[in-house]
>>> print(open('data-v8.tsv').read())   # TSV, C-alpha atoms
chain	number	residue	atom	x	y	z
A	1	MET	CA	55.51	2.94	40.21
A	2	SER	CA	59.28	3.06	39.98
A	3	ASP	CA	59.94	1.46	36.59
A	4	LEU	CA	61.19	3.42	33.63
A	5	ILE	CA	59.03	3.03	30.51
A	6	LYS	CA	61.38	1.75	27.82
A	7	LEU	CA	60.03	1.84	24.28
A	8	THR	CA	60.62	-0.01	21.01
A	9	PRO	CA	61.08	2.38	18.06
A	10	ILE	CA	59.03	2.24	14.86
A	11	PHE	CA	60.63	2.92	11.47
A	12	HIS	CA	59.15	4.60	8.38
A	13	GLU	CA	60.42	4.42	4.82
A	14	LYS	CA	60.73	7.83	3.14
A	15	ILE	CA	61.73	8.83	-0.39
A	16	TRP	CA	64.47	11.01	1.13
A	17	GLY	CA	65.67	8.51	3.75
A	18	GLY	CA	68.99	6.69	4.11
A	19	ARG	CA	70.60	4.00	6.25
A	20	GLN	CA	72.12	5.97	9.13
A	21	LEU	CA	69.54	4.69	11.58
A	22	GLU	CA	71.34	1.36	11.08
A	23	THR	CA	74.93	2.49	10.65
A	24	VAL	CA	74.99	5.24	13.29
A	25	PHE	CA	72.44	4.01	15.84
A	26	GLY	CA	72.65	0.27	15.27
A	27	TYR	CA	68.91	-0.22	14.82
A	28	ASP	CA	67.66	-3.29	12.98
A	29	ILE	CA	65.75	-1.45	10.28
A	30	PRO	CA	63.87	-2.69	7.21
A	31	GLU	CA	65.44	-2.61	3.76
A	32	GLY	CA	65.15	0.57	1.70
A	33	PRO	CA	65.40	4.29	2.41
A	34	ILE	CA	64.40	4.53	6.08
A	35	GLY	CA	63.96	8.19	6.93
A	36	GLU	CA	62.25	8.22	10.31
A	37	CYS	CA	62.59	6.51	13.65
A	38	TRP	CA	59.51	7.18	15.78
A	39	ALA	CA	61.25	6.69	19.09
A	40	ILE	CA	58.60	7.81	21.59
A	41	SER	CA	55.15	7.88	20.03
A	42	ALA	CA	51.53	7.06	20.79
A	43	HIS	CA	50.28	8.39	17.43
A	44	PRO	CA	48.02	6.03	15.44
A	45	ASN	CA	50.51	6.10	12.56
A	46	GLY	CA	53.25	4.73	14.82
A	47	ASP	CA	52.26	3.59	18.31
A	48	CYS	CA	55.37	2.35	20.15
A	49	GLN	CA	55.27	-0.80	22.23
A	50	ILE	CA	56.61	-0.90	25.77
A	51	ALA	CA	59.76	-3.03	25.62
A	52	GLU	CA	60.02	-4.42	29.15
A	53	GLY	CA	58.61	-4.28	32.65
A	54	PRO	CA	55.07	-4.87	33.91
A	55	TYR	CA	53.44	-3.31	30.84
A	56	ALA	CA	55.67	-4.96	28.20
A	57	GLY	CA	53.85	-5.59	24.93
A	58	HIS	CA	51.24	-2.89	25.48
A	59	THR	CA	51.31	0.27	23.41
A	60	LEU	CA	52.10	3.71	24.71
A	61	SER	CA	48.59	4.88	23.77
A	62	TRP	CA	47.16	2.08	25.93
A	63	LEU	CA	49.35	3.09	28.86
A	64	TRP	CA	48.28	6.73	28.43
A	65	ALA	CA	44.62	5.72	28.47
A	66	GLU	CA	44.80	3.19	31.33
A	67	HIS	CA	47.47	4.62	33.66
A	68	ARG	CA	47.35	8.38	33.35
A	69	GLU	CA	48.83	8.66	36.84
A	70	LEU	CA	52.21	7.66	35.37
A	71	PHE	CA	52.14	10.86	33.34
A	72	GLY	CA	51.19	13.19	36.18
A	73	ASN	CA	47.52	13.02	35.20
A	74	CYS	CA	48.18	15.24	32.19
A	75	GLU	CA	44.99	16.34	30.52
A	76	GLY	CA	44.15	15.59	26.90
A	77	LYS	CA	42.73	12.61	25.04
A	78	GLU	CA	46.09	11.75	23.43
A	79	PHE	CA	49.74	11.56	24.44
A	80	PRO	CA	50.86	15.06	23.46
A	81	LEU	CA	54.45	14.64	22.22
A	82	LEU	CA	56.30	12.63	19.58
A	83	ILE	CA	60.08	12.10	19.47
A	84	LYS	CA	61.74	11.18	16.16
A	85	ILE	CA	65.16	10.70	14.66
A	86	LEU	CA	65.28	11.83	11.02
A	87	ASP	CA	67.91	10.60	8.55
A	88	ALA	CA	67.77	12.88	5.52
A	89	LYS	CA	69.95	11.41	2.80
A	90	ASP	CA	68.13	13.66	0.31
A	91	ASP	CA	66.17	16.90	0.67
A	92	LEU	CA	62.76	16.88	2.33
A	93	SER	CA	59.97	18.81	0.66
A	94	ILE	CA	59.46	22.51	1.33
A	95	GLN	CA	56.71	22.28	3.92
A	96	ILE	CA	54.59	23.97	6.56
A	97	HIS	CA	52.60	22.74	9.54
A	98	PRO	CA	49.26	24.09	10.82
A	99	ASN	CA	48.51	25.22	14.36
A	100	ASP	CA	46.04	23.47	16.67
A	101	GLU	CA	43.08	25.59	15.61
A	102	TYR	CA	43.57	25.07	11.87
A	103	ALA	CA	44.28	21.35	12.23
A	104	ALA	CA	41.27	20.79	14.49
A	105	LYS	CA	39.00	22.43	11.90
A	106	HIS	CA	40.51	21.06	8.69
A	107	GLU	CA	42.23	17.78	9.71
A	108	ASN	CA	39.57	15.83	11.60
A	109	GLY	CA	40.41	17.22	15.00
A	110	SER	CA	44.14	16.55	14.81
A	111	LEU	CA	46.64	18.44	16.90
A	112	GLY	CA	48.70	21.05	15.09
A	113	LYS	CA	52.43	20.60	14.75
A	114	THR	CA	54.92	22.71	16.62
A	115	GLU	CA	58.35	21.09	16.46
A	116	CYS	CA	62.04	21.60	17.14
A	117	TRP	CA	65.26	20.11	15.79
A	118	TYR	CA	68.55	19.20	17.42
A	119	VAL	CA	71.18	18.53	14.75
A	120	LEU	CA	72.89	15.25	15.67
A	121	ASP	CA	75.22	15.43	12.69
A	122	CYS	CA	75.47	16.86	9.19
A	123	GLU	CA	77.78	16.88	6.22
A	124	PRO	CA	80.06	19.90	5.73
A	125	GLY	CA	78.38	22.80	3.96
A	126	THR	CA	74.85	21.56	4.64
A	127	GLU	CA	71.99	24.07	4.71
A	128	ILE	CA	68.40	23.90	5.86
A	129	VAL	CA	65.34	25.94	4.97
A	130	ILE	CA	63.93	28.09	7.75
A	131	GLY	CA	61.44	30.79	6.77
A	132	HIS	CA	60.79	32.74	3.58
A	133	ASN	CA	61.55	36.11	2.02
A	134	ALA	CA	58.05	37.33	1.17
A	135	LYS	CA	57.07	40.64	2.78
A	136	ASP	CA	53.38	39.79	3.26
A	137	LYS	CA	50.70	37.18	2.54
A	138	ALA	CA	50.00	38.56	-0.92
A	139	GLU	CA	53.63	38.13	-1.90
A	140	VAL	CA	53.66	34.64	-0.36
A	141	GLU	CA	50.83	33.63	-2.67
A	142	LYS	CA	52.38	35.29	-5.72
A	143	MET	CA	55.78	33.67	-5.21
A	144	ILE	CA	54.27	30.22	-4.62
A	145	ARG	CA	51.91	30.32	-7.59
A	146	ASN	CA	54.70	31.59	-9.84
A	147	HIS	CA	57.11	28.93	-8.54
A	148	GLU	CA	59.69	31.53	-7.49
A	149	TRP	CA	61.32	29.05	-5.16
A	150	SER	CA	64.88	30.36	-5.19
A	151	ASP	CA	63.67	33.83	-4.21
A	152	PHE	CA	61.00	32.58	-1.82
A	153	ILE	CA	62.80	30.20	0.51
A	154	ARG	CA	65.30	31.27	3.15
A	155	LYS	CA	68.31	28.97	3.57
A	156	VAL	CA	70.67	28.98	6.55
A	157	PRO	CA	73.86	26.97	7.20
A	158	VAL	CA	73.60	24.15	9.71
A	159	HIS	CA	76.19	22.53	11.97
A	160	LYS	CA	76.30	19.64	14.40
A	161	GLY	CA	74.80	20.74	17.71
A	162	ASP	CA	72.55	23.46	16.26
A	163	PHE	CA	69.00	23.82	17.56
A	164	PHE	CA	65.96	25.22	15.74
A	165	GLN	CA	62.41	25.86	16.92
A	166	ILE	CA	59.84	25.50	14.10
A	167	ASN	CA	56.50	27.09	14.91
A	168	PRO	CA	53.32	26.45	12.89
A	169	GLY	CA	53.22	28.61	9.77
A	170	CYS	CA	57.02	28.55	9.35
A	171	VAL	CA	58.23	27.38	5.94
A	172	HIS	CA	60.95	24.80	6.50
A	173	ALA	CA	62.84	21.84	5.06
A	174	ILE	CA	65.61	19.56	6.23
A	175	LYS	CA	68.18	19.19	3.47
A	176	GLY	CA	70.11	16.09	2.50
A	177	GLY	CA	73.10	15.10	4.64
A	178	THR	CA	71.44	15.91	7.97
A	179	LEU	CA	70.67	13.69	10.98
A	180	ILE	CA	68.22	15.27	13.43
A	181	LEU	CA	66.41	14.52	16.67
A	182	GLU	CA	62.97	16.10	16.51
A	183	THR	CA	60.66	16.89	19.40
A	184	GLN	CA	57.13	17.74	18.25
A	185	GLN	CA	53.47	17.70	19.05
A	186	SER	CA	51.91	14.32	18.35
A	187	SER	CA	50.70	15.17	14.86
A	188	ASP	CA	51.36	13.77	11.39
A	189	ILE	CA	49.99	16.76	9.46
A	190	THR	CA	52.45	18.19	6.93
A	191	TYR	CA	51.59	20.50	4.03
A	192	ARG	CA	54.00	20.22	1.10
A	193	VAL	CA	54.21	23.38	-0.95
A	194	TYR	CA	57.07	22.21	-3.21
A	195	ASP	CA	58.76	18.85	-3.75
A	196	TYR	CA	61.36	19.55	-6.46
A	197	ASP	CA	59.09	17.92	-9.10
A	198	ARG	CA	60.40	14.49	-8.06
A	199	LEU	CA	58.44	11.30	-8.61
A	200	GLN	CA	57.49	8.48	-6.26
A	201	ASN	CA	56.31	5.28	-7.94
A	202	GLY	CA	56.25	7.22	-11.19
A	203	LYS	CA	53.95	9.97	-9.90
A	204	PRO	CA	54.51	13.34	-8.23
A	205	ARG	CA	53.88	13.34	-4.48
A	206	GLN	CA	50.78	15.17	-3.34
A	207	LEU	CA	51.16	18.91	-2.75
A	208	HIS	CA	49.04	21.07	-0.46
A	209	VAL	CA	49.34	24.49	-2.05
A	210	GLU	CA	46.06	25.99	-0.86
A	211	GLN	CA	46.53	24.82	2.73
A	212	SER	CA	50.10	26.08	2.69
A	213	ILE	CA	49.05	29.54	1.54
A	214	ASP	CA	46.40	29.53	4.26
A	215	VAL	CA	48.78	28.80	7.14
A	216	ILE	CA	52.10	30.45	6.21
A	217	GLU	CA	52.90	33.33	8.53
A	218	ALA	CA	54.13	36.50	6.81
A	219	PRO	CA	56.46	38.19	7.16
A	220	PHE	CA	58.74	35.49	8.57
A	221	LYS	CA	59.78	35.94	12.20
A	222	PRO	CA	62.35	33.63	13.81
A	223	ALA	CA	61.05	31.73	16.82
A	224	ASP	CA	61.98	32.97	20.26
A	225	ILE	CA	64.11	30.51	22.23
A	226	ASP	CA	65.55	30.81	25.73
A	227	THR	CA	68.72	28.75	25.30
A	228	PHE	CA	71.45	28.69	27.95
A	229	THR	CA	74.20	26.33	29.14
A	230	GLU	CA	75.37	25.70	32.69
A	231	GLU	CA	77.55	23.25	34.58
A	232	ILE	CA	75.69	21.26	37.22
A	233	PRO	CA	76.83	18.33	39.41
A	234	GLY	CA	77.68	15.44	37.09
A	235	ALA	CA	76.68	17.08	33.81
A	236	VAL	CA	76.72	20.05	31.48
A	237	HIS	CA	73.12	21.16	31.06
A	238	THR	CA	71.89	22.96	27.96
A	239	HIS	CA	68.34	24.26	28.01
A	240	PHE	CA	67.09	24.77	24.46
A	241	VAL	CA	63.51	26.01	24.61
A	242	THR	CA	60.35	26.26	26.63
A	243	CYS	CA	57.23	26.87	24.56
A	244	LYS	CA	53.50	26.30	24.93
A	245	PHE	CA	53.81	22.58	24.22
A	246	TYR	CA	57.16	21.34	25.53
A	247	SER	CA	60.44	22.07	27.24
A	248	VAL	CA	63.63	20.54	25.77
A	249	ASP	CA	67.00	20.07	27.52
A	250	LYS	CA	70.28	18.29	26.86
A	251	TYR	CA	72.53	16.76	29.50
A	252	ASP	CA	76.12	15.79	28.74
A	253	ILE	CA	76.82	13.42	31.60
A	254	ASP	CA	80.27	12.36	32.82
A	255	GLY	CA	80.08	10.39	36.03
A	256	VAL	CA	76.98	10.41	38.20
A	257	PHE	CA	74.03	12.70	37.57
A	258	THR	CA	70.61	12.69	39.20
A	259	LEU	CA	67.61	14.13	37.38
A	260	ASP	CA	65.10	15.71	39.72
A	261	ALA	CA	61.50	14.50	39.72
A	262	LYS	CA	59.12	16.38	37.44
A	263	LYS	CA	55.42	17.05	37.92
A	264	TYR	CA	54.77	15.46	34.55
A	265	TYR	CA	56.66	12.70	32.75
A	266	THR	CA	60.03	13.12	30.97
A	267	ASN	CA	60.92	11.72	27.55
A	268	VAL	CA	64.60	10.67	27.34
A	269	SER	CA	66.65	9.85	24.24
A	270	VAL	CA	70.27	8.72	24.56
A	271	ILE	CA	72.07	10.38	21.63
A	272	ALA	CA	75.69	9.49	22.46
A	273	GLY	CA	77.70	7.23	24.75
A	274	GLU	CA	76.49	4.64	27.20
A	275	GLY	CA	75.93	4.03	30.87
A	276	THR	CA	73.16	3.07	33.26
A	277	VAL	CA	69.96	4.66	34.50
A	278	ASN	CA	68.99	3.38	37.94
A	279	GLY	CA	71.22	0.40	37.19
A	280	ILE	CA	69.59	-0.38	33.82
A	281	PRO	CA	72.08	-0.37	30.89
A	282	VAL	CA	71.40	2.27	28.23
A	283	LYS	CA	73.31	3.28	25.12
A	284	LYS	CA	73.09	5.52	22.09
A	285	GLY	CA	69.66	4.91	20.56
A	286	THR	CA	67.86	3.98	23.80
A	287	HIS	CA	64.58	5.84	24.42
A	288	PHE	CA	62.46	5.76	27.56
A	289	ILE	CA	60.01	7.74	29.66
A	290	ILE	CA	60.60	8.67	33.29
A	291	PRO	CA	57.19	8.59	35.00
A	292	ALA	CA	55.86	11.69	36.75
A	293	ASN	CA	57.16	12.41	40.25
A	294	PHE	CA	59.84	9.72	39.83
A	295	ASN	CA	62.20	9.99	42.79
A	296	GLY	CA	65.89	10.32	41.94
A	297	CYS	CA	66.58	9.12	38.41
A	298	ARG	CA	70.30	8.29	38.62
A	299	PHE	CA	72.42	8.35	35.48
A	300	GLU	CA	75.93	6.89	35.55
A	301	GLY	CA	78.49	6.80	32.74
A	302	LYS	CA	79.59	9.01	29.89
A	303	LEU	CA	76.56	9.77	27.77
A	304	SER	CA	74.47	12.57	26.28
A	305	VAL	CA	70.69	12.64	26.56
A	306	ILE	CA	67.96	14.90	25.26
A	307	CYS	CA	64.94	15.22	27.53
A	308	SER	CA	61.54	16.76	26.93
A	309	ASN	CA	58.61	17.51	29.19
A	310	PRO	CA	55.10	18.55	28.25
A	311	GLU	CA	54.06	22.04	29.20
A	312	ALA	CA	50.61	20.84	30.25
>>> encode(input="data-v8.tsv", output="structure tokens")
Amino acid sequence: MSDLIKLTPIFHEKIWGGRQLETVFGYDIPEGPIGECWAISAHPNGDCQIAEGPYAGHTLSWLWAEHRELFGNCEGKEFPLLIKILDAKDDLSIQIHPNDEYAAKHENGSLGKTECWYVLDCEPGTEIVIGHNAKDKAEVEKMIRNHEWSDFIRKVPVHKGDFFQINPGCVHAIKGGTLILETQQSSDITYRVYDYDRLQNGKPRQLHVEQSIDVIEAPFKPADIDTFTEEIPGAVHTHFVTCKFYSVDKYDIDGVFTLDAKKYYTNVSVIAGEGTVNGIPVKKGTHFIIPANFNGCRFEGKLSVICSNPEA
């Protein structure tokens, strides 16, 4: 099998969404505040179709089930990763994700949600929420129940090109004015602990206070990441993180660059520029999967891509 697996994104309306998926990436999106592009996904809440080639029209979940050899025979009943682009015109809720063990027990066997963010762009002066200021679990509960939000949450400035690893149990929120590429476990479990008392269809959105208190890690500890940058033939390579669930890298390509074969598959998102991959035209907003053990994936042009591999 030598064909790349090109995918058709799925779009989700969100109360905090905007229109940058149309204006910046050129996607044909529905009307309204579209907050999320599920670019590479086999999750039941957004199962991408294969756009071309011998499996065109089938879903990624079908391909995972029927042709596991394309993915290096990764184990697991479900495709393990989900790649999104998030357009936050307004603030997302203050939220937390569970780990695999908690989600399996309390969320019908779902995967937990470890994720990471690459900041594609942001407005000047933008901040995000990463972590909290409580010294222990007892203070976490006290501050949440007393609605001491300004003291509880930890804000940090954010700039284009920043990278953040968000482990389960980490309080976090993307703030308005931020465009992000997210690599995560294939999970749609989010616990909202605070949503600014805003209304959707005249009613407050559901909160998950008890679950949030259960899963928040205290005290807050920043995630360990092993980031480095190096020049390699045809590209500048930035490695962002290797964790239990994925490895994420960025390649700024100028000319010809060949990506070595991987034991497992590689998710690829073109985040800037244009060019070709094995002669197939790609541009900003193209997403595809390189099958496992693919021999010599040749990129040509001036483009930036973010790649992720499962750590199976």
>>> closest_residue(input="data-v8.tsv", among="A:Ala88, A:Ala292, A:Leu207, A:Leu303", to="Leu4 in chain A", atoms="all atoms listed in the file")
A:Ala292
>>> axis_aligned_box(input="data-v8.tsv", around="range 81-84 of chain A", padding_each_side="4 Å", output="JSON")
{"center_x": 58.1, "center_y": 12.9, "center_z": 19.2, "size_x": 15.3, "size_y": 11.5, "size_z": 14.1}
>>> residues_around(input="data-v8.tsv", residues="range 177-193 of chain A", least_positions_apart="5", cutoff="7 Å", atoms="all atoms listed in the file", output="VMD selection string")
chain A and resid 43 80 to 90 93 to 97 110 to 123 126 207 to 209 211 to 212
>>> atom_distance(input="data-v8.tsv", atom1="CA of Ile289 in chain A", atom2="CA of Ile174 in chain A")
26.8 Å
>>> residues_around(input="data-v8.tsv", residues="Gly53 in chain A", least_positions_apart="6", cutoff="10 Å", atoms="all atoms listed in the file", output="ChimeraX atom specification")
/A:3-6
>>> write_last_selection(input="data-v8.tsv", atoms="C-alpha atoms", output="PDB file, in the coordinates of the input")
ATOM      1  CA  ASP A   3      59.940   1.460  36.590  1.00  0.00           C
ATOM      2  CA  LEU A   4      61.190   3.420  33.630  1.00  0.00           C
ATOM      3  CA  ILE A   5      59.030   3.030  30.510  1.00  0.00           C
ATOM      4  CA  LYS A   6      61.380   1.750  27.820  1.00  0.00           C
TER       5      LYS A   6
END
>>> residues_around(input="data-v8.tsv", residues="Thr59 in chain A", least_positions_apart="5", cutoff="12 Å", atoms="only C-alpha atoms", output="PyMOL selection string")
chain A and resi 5-10+40-44+46-52+64-67+79
>>> residues_around(input="data-v8.tsv", residues="Pro281 in chain A", least_positions_apart="4", cutoff="12 Å", atoms="all atoms listed in the file", output="list in words")
Leu4, Lys6, Val270, Gly273, Glu274, Gly275, Thr276, Val277, Gly285, Thr286, His287, Phe288, Arg298, Phe299, Glu300, Gly301 and Leu303 of chain A
>>> residues_around(input="data-v8.tsv", residues="Val158 in chain A", least_positions_apart="3", cutoff="7 Å", atoms="only C-alpha atoms", output="list in words")
Thr126, Glu127, Ile128 and Asp162 of chain A
>>> atom_distance(input="data-v8.tsv", atom1="CA of Glu230 in chain A", atom2="CA of Gly255 in chain A")
16.4 Å
>>> atom_distance(input="data-v8.tsv", atom1="CA of Trp38 in chain A", atom2="CA of Lys14 in chain A")
12.7 Å
>>> closest_residue(input="data-v8.tsv", among="A:Asn45, A:Arg145, A:Ala173, A:Phe11", to="Ile29 in chain A", atoms="only C-alpha atoms")
A:Phe11
>>> closest_residue(input="data-v8.tsv", among="A:Asp197, A:Asp91, A:Glu231, A:Glu141", to="Ile213 in chain A", atoms="only C-alpha atoms")
A:Glu141
>>> closest_residue(input="data-v8.tsv", among="A:Gly32, A:Pro222, A:Gly57, A:Pro168", to="Ile15 in chain A", atoms="all atoms listed in the file")
A:Gly32
>>> closest_residue(input="data-v8.tsv", among="A:Cys74, A:Phe25, A:Asn146, A:Cys243", to="Ala272 in chain A", atoms="all atoms listed in the file")
A:Phe25
>>> closest_residue(input="data-v8.tsv", among="A:Glu78, A:Ala134, A:Thr229, A:Val215", to="Ser61 in chain A", atoms="all atoms listed in the file")
A:Glu78
>>> decode(input="data-v8.tsv", residues="range 142-158 of chain A", atoms="N, CA, C and O atoms", output="PDB file, in the first residue's frame")
ATOM      1  N   LYS A 142     -12.207  23.833  48.110  1.00  0.00           N
ATOM      2  CA  LYS A 142     -12.678  25.070  48.757  1.00  0.00           C
ATOM      3  C   LYS A 142     -12.792  26.203  47.738  1.00  0.00           C
ATOM      4  O   LYS A 142     -13.812  26.906  47.674  1.00  0.00           O
ATOM      5  N   MET A 143     -11.763  26.371  46.922  1.00  0.00           N
ATOM      6  CA  MET A 143     -11.748  27.487  45.977  1.00  0.00           C
ATOM      7  C   MET A 143     -12.814  27.320  44.893  1.00  0.00           C
ATOM      8  O   MET A 143     -13.436  28.289  44.457  1.00  0.00           O
ATOM      9  N   ILE A 144     -13.055  26.077  44.469  1.00  0.00           N
ATOM     10  CA  ILE A 144     -14.089  25.835  43.468  1.00  0.00           C
ATOM     11  C   ILE A 144     -15.475  26.079  44.054  1.00  0.00           C
ATOM     12  O   ILE A 144     -16.303  26.778  43.463  1.00  0.00           O
ATOM     13  N   ARG A 145     -15.740  25.514  45.224  1.00  0.00           N
ATOM     14  CA  ARG A 145     -17.080  25.650  45.802  1.00  0.00           C
ATOM     15  C   ARG A 145     -17.378  27.089  46.206  1.00  0.00           C
ATOM     16  O   ARG A 145     -18.545  27.509  46.188  1.00  0.00           O
ATOM     17  N   ASN A 146     -16.342  27.848  46.519  1.00  0.00           N
ATOM     18  CA  ASN A 146     -16.540  29.262  46.878  1.00  0.00           C
ATOM     19  C   ASN A 146     -16.427  30.197  45.671  1.00  0.00           C
ATOM     20  O   ASN A 146     -16.488  31.417  45.826  1.00  0.00           O
ATOM     21  N   HIS A 147     -16.230  29.618  44.495  1.00  0.00           N
ATOM     22  CA  HIS A 147     -16.154  30.394  43.248  1.00  0.00           C
ATOM     23  C   HIS A 147     -15.029  31.440  43.290  1.00  0.00           C
ATOM     24  O   HIS A 147     -15.177  32.545  42.788  1.00  0.00           O
ATOM     25  N   GLU A 148     -13.887  31.031  43.819  1.00  0.00           N
ATOM     26  CA  GLU A 148     -12.730  31.934  43.915  1.00  0.00           C
ATOM     27  C   GLU A 148     -11.897  31.829  42.638  1.00  0.00           C
ATOM     28  O   GLU A 148     -10.708  31.509  42.665  1.00  0.00           O
ATOM     29  N   TRP A 149     -12.531  32.130  41.513  1.00  0.00           N
ATOM     30  CA  TRP A 149     -11.907  31.842  40.231  1.00  0.00           C
ATOM     31  C   TRP A 149     -10.655  32.670  39.974  1.00  0.00           C
ATOM     32  O   TRP A 149      -9.661  32.159  39.452  1.00  0.00           O
ATOM     33  N   SER A 150     -10.679  33.937  40.300  1.00  0.00           N
ATOM     34  CA  SER A 150      -9.519  34.781  40.004  1.00  0.00           C
ATOM     35  C   SER A 150      -8.288  34.344  40.789  1.00  0.00           C
ATOM     36  O   SER A 150      -7.156  34.469  40.312  1.00  0.00           O
ATOM     37  N   ASP A 151      -8.489  33.818  41.975  1.00  0.00           N
ATOM     38  CA  ASP A 151      -7.369  33.312  42.776  1.00  0.00           C
ATOM     39  C   ASP A 151      -6.981  31.892  42.376  1.00  0.00           C
ATOM     40  O   ASP A 151      -5.820  31.496  42.510  1.00  0.00           O
ATOM     41  N   PHE A 152      -7.970  31.134  41.891  1.00  0.00           N
ATOM     42  CA  PHE A 152      -7.754  29.718  41.625  1.00  0.00           C
ATOM     43  C   PHE A 152      -6.972  29.478  40.339  1.00  0.00           C
ATOM     44  O   PHE A 152      -5.985  28.733  40.325  1.00  0.00           O
ATOM     45  N   ILE A 153      -7.392  30.113  39.241  1.00  0.00           N
ATOM     46  CA  ILE A 153      -6.796  29.758  37.955  1.00  0.00           C
ATOM     47  C   ILE A 153      -5.457  30.456  37.741  1.00  0.00           C
ATOM     48  O   ILE A 153      -5.215  31.549  38.237  1.00  0.00           O
ATOM     49  N   ARG A 154      -4.609  29.791  36.968  1.00  0.00           N
ATOM     50  CA  ARG A 154      -3.263  30.276  36.672  1.00  0.00           C
ATOM     51  C   ARG A 154      -3.218  30.665  35.195  1.00  0.00           C
ATOM     52  O   ARG A 154      -3.360  29.799  34.319  1.00  0.00           O
ATOM     53  N   LYS A 155      -3.027  31.932  34.904  1.00  0.00           N
ATOM     54  CA  LYS A 155      -2.969  32.416  33.531  1.00  0.00           C
ATOM     55  C   LYS A 155      -1.524  32.638  33.102  1.00  0.00           C
ATOM     56  O   LYS A 155      -0.692  33.065  33.902  1.00  0.00           O
ATOM     57  N   VAL A 156      -1.243  32.354  31.832  1.00  0.00           N
ATOM     58  CA  VAL A 156       0.088  32.600  31.285  1.00  0.00           C
ATOM     59  C   VAL A 156      -0.076  33.266  29.919  1.00  0.00           C
ATOM     60  O   VAL A 156      -1.046  33.013  29.199  1.00  0.00           O
ATOM     61  N   PRO A 157       0.866  34.141  29.539  1.00  0.00           N
ATOM     62  CA  PRO A 157       0.795  34.753  28.207  1.00  0.00           C
ATOM     63  C   PRO A 157       1.055  33.713  27.127  1.00  0.00           C
ATOM     64  O   PRO A 157       1.738  32.707  27.353  1.00  0.00           O
ATOM     65  N   VAL A 158       0.510  33.965  25.945  1.00  0.00           N
ATOM     66  CA  VAL A 158       0.662  33.011  24.855  1.00  0.00           C
ATOM     67  C   VAL A 158       1.050  33.771  23.588  1.00  0.00           C
ATOM     68  O   VAL A 158       0.614  34.906  23.366  1.00  0.00           O
TER      69      VAL A 158
END
